[in-house]
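To be precise, the following lines are upload_13.pdb, and they hold PDB, C-alpha atoms.
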ATOM      1  CA  MET F  10       0.000   0.000   0.000
ATOM      2  CA  ASP F  11       1.518   3.328  -1.005
ATOM      3  CA  GLN F  12       1.752   6.406   1.222
ATOM      4  CA  SER F  13      -1.105   8.257  -0.499
ATOM      5  CA  ALA F  14      -3.438   5.297   0.058
ATOM      6  CA  ILE F  15      -2.488   5.176   3.727
ATOM      7  CA  LYS F  16      -3.035   8.904   4.154
ATOM      8  CA  LYS F  17      -6.383   8.693   2.378
ATOM      9  CA  SER F  18      -7.436   5.786   4.556
ATOM     10  CA  GLN F  19      -6.387   7.662   7.701
ATOM     11  CA  LYS F  20      -8.331  10.757   6.612
ATOM     12  CA  GLU F  21     -11.384   8.607   5.903
ATOM     13  CA  SER F  22     -11.118   7.080   9.360
ATOM     14  CA  VAL F  23     -10.883  10.485  11.050
ATOM     15  CA  LEU F  24     -13.780  11.819   8.968
ATOM     16  CA  PHE F  25     -15.891   8.776   9.792
ATOM     17  CA  ARG F  26     -15.349   9.213  13.534
ATOM     18  CA  ALA F  27     -16.129  12.933  13.379
ATOM     19  CA  LEU F  28     -19.233  12.437  11.247
ATOM     20  CA  SER F  29     -20.459   9.578  13.453
ATOM     21  CA  SER F  30     -20.195  11.738  16.544
ATOM     22  CA  LEU F  31     -21.917  14.692  14.901
ATOM     23  CA  PHE F  32     -24.624  12.508  13.379
ATOM     24  CA  MET F  33     -25.465  10.950  16.761
ATOM     25  CA  GLN F  34     -25.916  14.455  18.194
ATOM     26  CA  ILE F  35     -28.185  15.417  15.305
ATOM     27  CA  VAL F  36     -30.336  12.286  15.717
ATOM     28  CA  GLN F  37     -30.803  13.105  19.407
ATOM     29  CA  ASP F  38     -32.136  16.533  18.395
ATOM     30  CA  ASP F  39     -34.066  15.462  15.288
ATOM     31  CA  SER F  40     -35.883  12.140  15.672
ATOM     32  CA  ARG F  41     -36.911  12.217  11.985
ATOM     33  CA  LEU F  42     -33.463  10.772  11.231
ATOM     34  CA  MET F  43     -33.916   7.895  13.664
ATOM     35  CA  GLY F  44     -33.261   4.553  11.985
ATOM     36  CA  LEU F  45     -30.472   5.787   9.719
ATOM     37  CA  THR F  46     -27.061   4.276  10.336
ATOM     38  CA  LEU F  47     -23.865   5.905   9.147
ATOM     39  CA  ASN F  48     -21.897   2.991   7.644
ATOM     40  CA  ARG F  49     -18.783   4.359   5.994
ATOM     41  CA  VAL F  50     -17.197   7.257   4.163
ATOM     42  CA  GLU F  51     -15.122   7.406   0.973
ATOM     43  CA  LEU F  52     -12.969  10.323  -0.089
ATOM     44  CA  THR F  53     -12.590  10.975  -3.790
ATOM     45  CA  LYS F  54      -9.049  10.792  -5.193
ATOM     46  CA  ASN F  55      -8.572  14.563  -5.052
ATOM     47  CA  LYS F  56     -10.189  14.633  -1.572
ATOM     48  CA  SER F  57     -12.589  17.393  -2.615
ATOM     49  CA  SER F  58     -15.668  15.261  -1.945
ATOM     50  CA  CYS F  59     -16.609  12.756   0.698
ATOM     51  CA  LYS F  60     -19.264  10.148  -0.013
ATOM     52  CA  VAL F  61     -21.155   9.456   3.203
ATOM     53  CA  PHE F  62     -22.962   6.104   3.107
ATOM     54  CA  PHE F  63     -26.061   5.486   5.198
ATOM     55  CA  TRP F  64     -28.129   2.345   5.666
ATOM     56  CA  THR F  65     -31.602   1.783   7.028
ATOM     57  CA  PRO F  66     -33.331  -1.536   7.771
ATOM     58  CA  ASN F  67     -36.341  -0.405   5.734
ATOM     59  CA  GLY F  68     -34.318   0.023   2.564
ATOM     60  CA  VAL F  69     -33.511   2.686   0.052
ATOM     61  CA  GLN F  70     -37.035   4.143   0.044
ATOM     62  CA  GLU F  71     -36.761   5.211   3.698
ATOM     63  CA  PHE F  72     -33.327   6.700   2.985
ATOM     64  CA  GLN F  73     -34.792   8.688   0.072
ATOM     65  CA  GLU F  74     -37.535   9.999   2.365
ATOM     66  CA  LYS F  75     -34.958  11.147   4.950
ATOM     67  CA  LEU F  76     -32.431  12.519   2.448
ATOM     68  CA  PRO F  77     -33.953  16.033   2.293
ATOM     69  CA  ILE F  78     -33.616  16.281   6.085
ATOM     70  CA  LEU F  79     -29.965  15.168   5.878
ATOM     71  CA  ILE F  80     -29.294  17.763   3.195
ATOM     72  CA  LEU F  81     -30.579  20.492   5.527
ATOM     73  CA  TYR F  82     -27.824  19.543   7.993
ATOM     74  CA  LYS F  83     -25.040  19.483   5.378
ATOM     75  CA  PRO F  84     -23.770  23.074   5.930
ATOM     76  CA  SER F  85     -23.646  22.708   9.705
ATOM     77  CA  LEU F  86     -21.945  19.294   9.408
ATOM     78  CA  ARG F  87     -19.254  20.699   7.124
ATOM     79  CA  GLY F  88     -18.708  23.652   9.444
ATOM     80  CA  ALA F  89     -18.458  21.426  12.511
ATOM     81  CA  ILE F  90     -16.032  19.084  10.747
ATOM     82  CA  ALA F  91     -13.847  22.005   9.703
ATOM     83  CA  LYS F  92     -13.685  23.220  13.321
ATOM     84  CA  MET F  93     -13.212  19.748  14.857
ATOM     85  CA  LEU F  94     -10.466  18.650  12.492
ATOM     86  CA  ASN F  95      -8.918  22.058  11.810
ATOM     87  CA  LEU F  96      -8.921  21.406   8.070
ATOM     88  CA  ARG F  97      -7.721  23.814   5.423
ATOM     89  CA  TYR F  98     -10.413  22.541   3.087
ATOM     90  CA  THR F  99     -13.482  20.587   4.118
ATOM     91  CA  PRO F 100     -14.714  18.138   1.477
ATOM     92  CA  GLU F 101     -18.167  18.429  -0.026
ATOM     93  CA  LEU F 102     -20.472  15.860   1.593
ATOM     94  CA  ILE F 103     -22.450  13.569  -0.690
ATOM     95  CA  PHE F 104     -25.088  11.446   1.053
ATOM     96  CA  LEU F 105     -25.718   8.010  -0.462
ATOM     97  CA  TYR F 106     -27.561   4.825   0.414
ATOM     98  CA  ASP F 107     -25.249   1.907   1.222
ATOM     99  CA  ALA F 108     -26.719  -1.126  -0.523
ATOM    100  CA  ILE F 109     -23.963  -3.444   0.696
ATOM    101  CA  TYR F 110     -26.210  -5.142   3.279
ATOM    102  CA  ASP F 111     -28.991  -5.561   0.729
ATOM    103  CA  LYS F 112     -26.536  -7.260  -1.634
ATOM    104  CA  GLN F 113     -25.206  -9.444   1.169
ATOM    105  CA  GLU F 114     -28.734 -10.540   2.086
ATOM    106  CA  LYS F 115     -29.480 -11.370  -1.552
ATOM    107  CA  VAL F 116     -26.339 -13.528  -1.810
ATOM    108  CA  GLU F 117     -27.214 -15.324   1.437
ATOM    109  CA  LYS F 118     -30.717 -16.098   0.128
ATOM    110  CA  LEU F 119     -29.266 -17.492  -3.091
ATOM    111  CA  LEU F 120     -26.800 -19.652  -1.164
ATOM    112  CA  ASN F 121     -29.598 -20.965   1.058
ATOM    113  CA  GLN F 122     -31.660 -21.771  -2.044
ATOM    114  CA  ILE F 123     -28.770 -23.734  -3.523
ATOM    115  CA  LYS F 124     -28.252 -25.530  -0.215
ATOM    116  CA  GLU F 125     -31.942 -26.518  -0.064
ATOM    117  CA  GLU F 126     -31.895 -27.816  -3.658
ATOM    118  CA  GLU F 127     -29.001 -30.187  -2.936
TER     119      GLU F 127
END
Once you've parsed the file, please lay out its structure as structure tokens.
Amino acid sequence: MDQSAIKKSQKESVLFRALSSLFMQIVQDDSRLMGLTLNRVELTKNKSSCKVFFWTPNGVQEFQEKLPILILYKPSLRGAIAKMLNLRYTPELIFLYDAIYDKQEKVEKLLNQIKEEE
């Protein structure tokens, strides 16, 4: 793993911790976001944007319903991150649904089907 990959991974880890902490505070104040789980973050190569992945047990539709509320918090999240981490430039936050668990569940169902057929 090269140095830039390590630095990127470290920055993602720090961003994830900061966003997790801030998001928990927001959920305590705004129960409309209850049920969303912050799963992971990914910085783009130039580190100008940060994809913030959320998951909800009720699927992508619930995430889409809560997305406008998340977007309202974007400016305050970026400001808080800039202050917490003392960054020269705070990346743009892009909120996305993390379908990884949905895919995992689909694979498990297929494997169980194959197992039952044998």
Practice task
Quick one: pull the distance between atom CA of Lys20 of chain F and atom CA of Glu51 of chain F, Å, one decimal.
Solution key: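 Separating atom CA of Lys20 of chain F from atom CA of Glu51 of chain F is a distance of 9.4 Å.
Distance check against Tyr110 of chain F using all atoms listed in the file: of F:Phe63, F:Phe25, F:Phe32, F:Tyr98, the minimum falls on F:Phe63.
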Fill in the blank from the handout: For Glu114 of chain F, the closest of F:Lys60, F:Gly88, F:Pro66, F:Ile78 counting all atoms listed in the file is F:Pro66
Problem - Selection result for the PyMOL selection byres ((chain F and resi 34-50) around 10) on this file, as an MDAnalysis selection string - result: chainID F and resid 18 20:26 28:33 51:53 59:68 71:72 74:76 78:79 82 86 102:107 109
Handout entry: From F:Arg87, F:Glu101, F:Glu126, F:Gln73, residue lying nearest Ser58 of chain F [all atoms listed in the file]
Key = F:Glu101
Problem - Computed interatomic separation between atom CA of Ile80 of chain F and atom CA of Lys112 of chain F (Å) - result: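 We find that atom CA of Ile80 of chain F and atom CA of Lys112 of chain F lie 25.6 Å from each other.
One distance worth recording is that between atom CA of Ser85 of chain F and atom CA of Thr99 of chain F, which is 11.8 Å.
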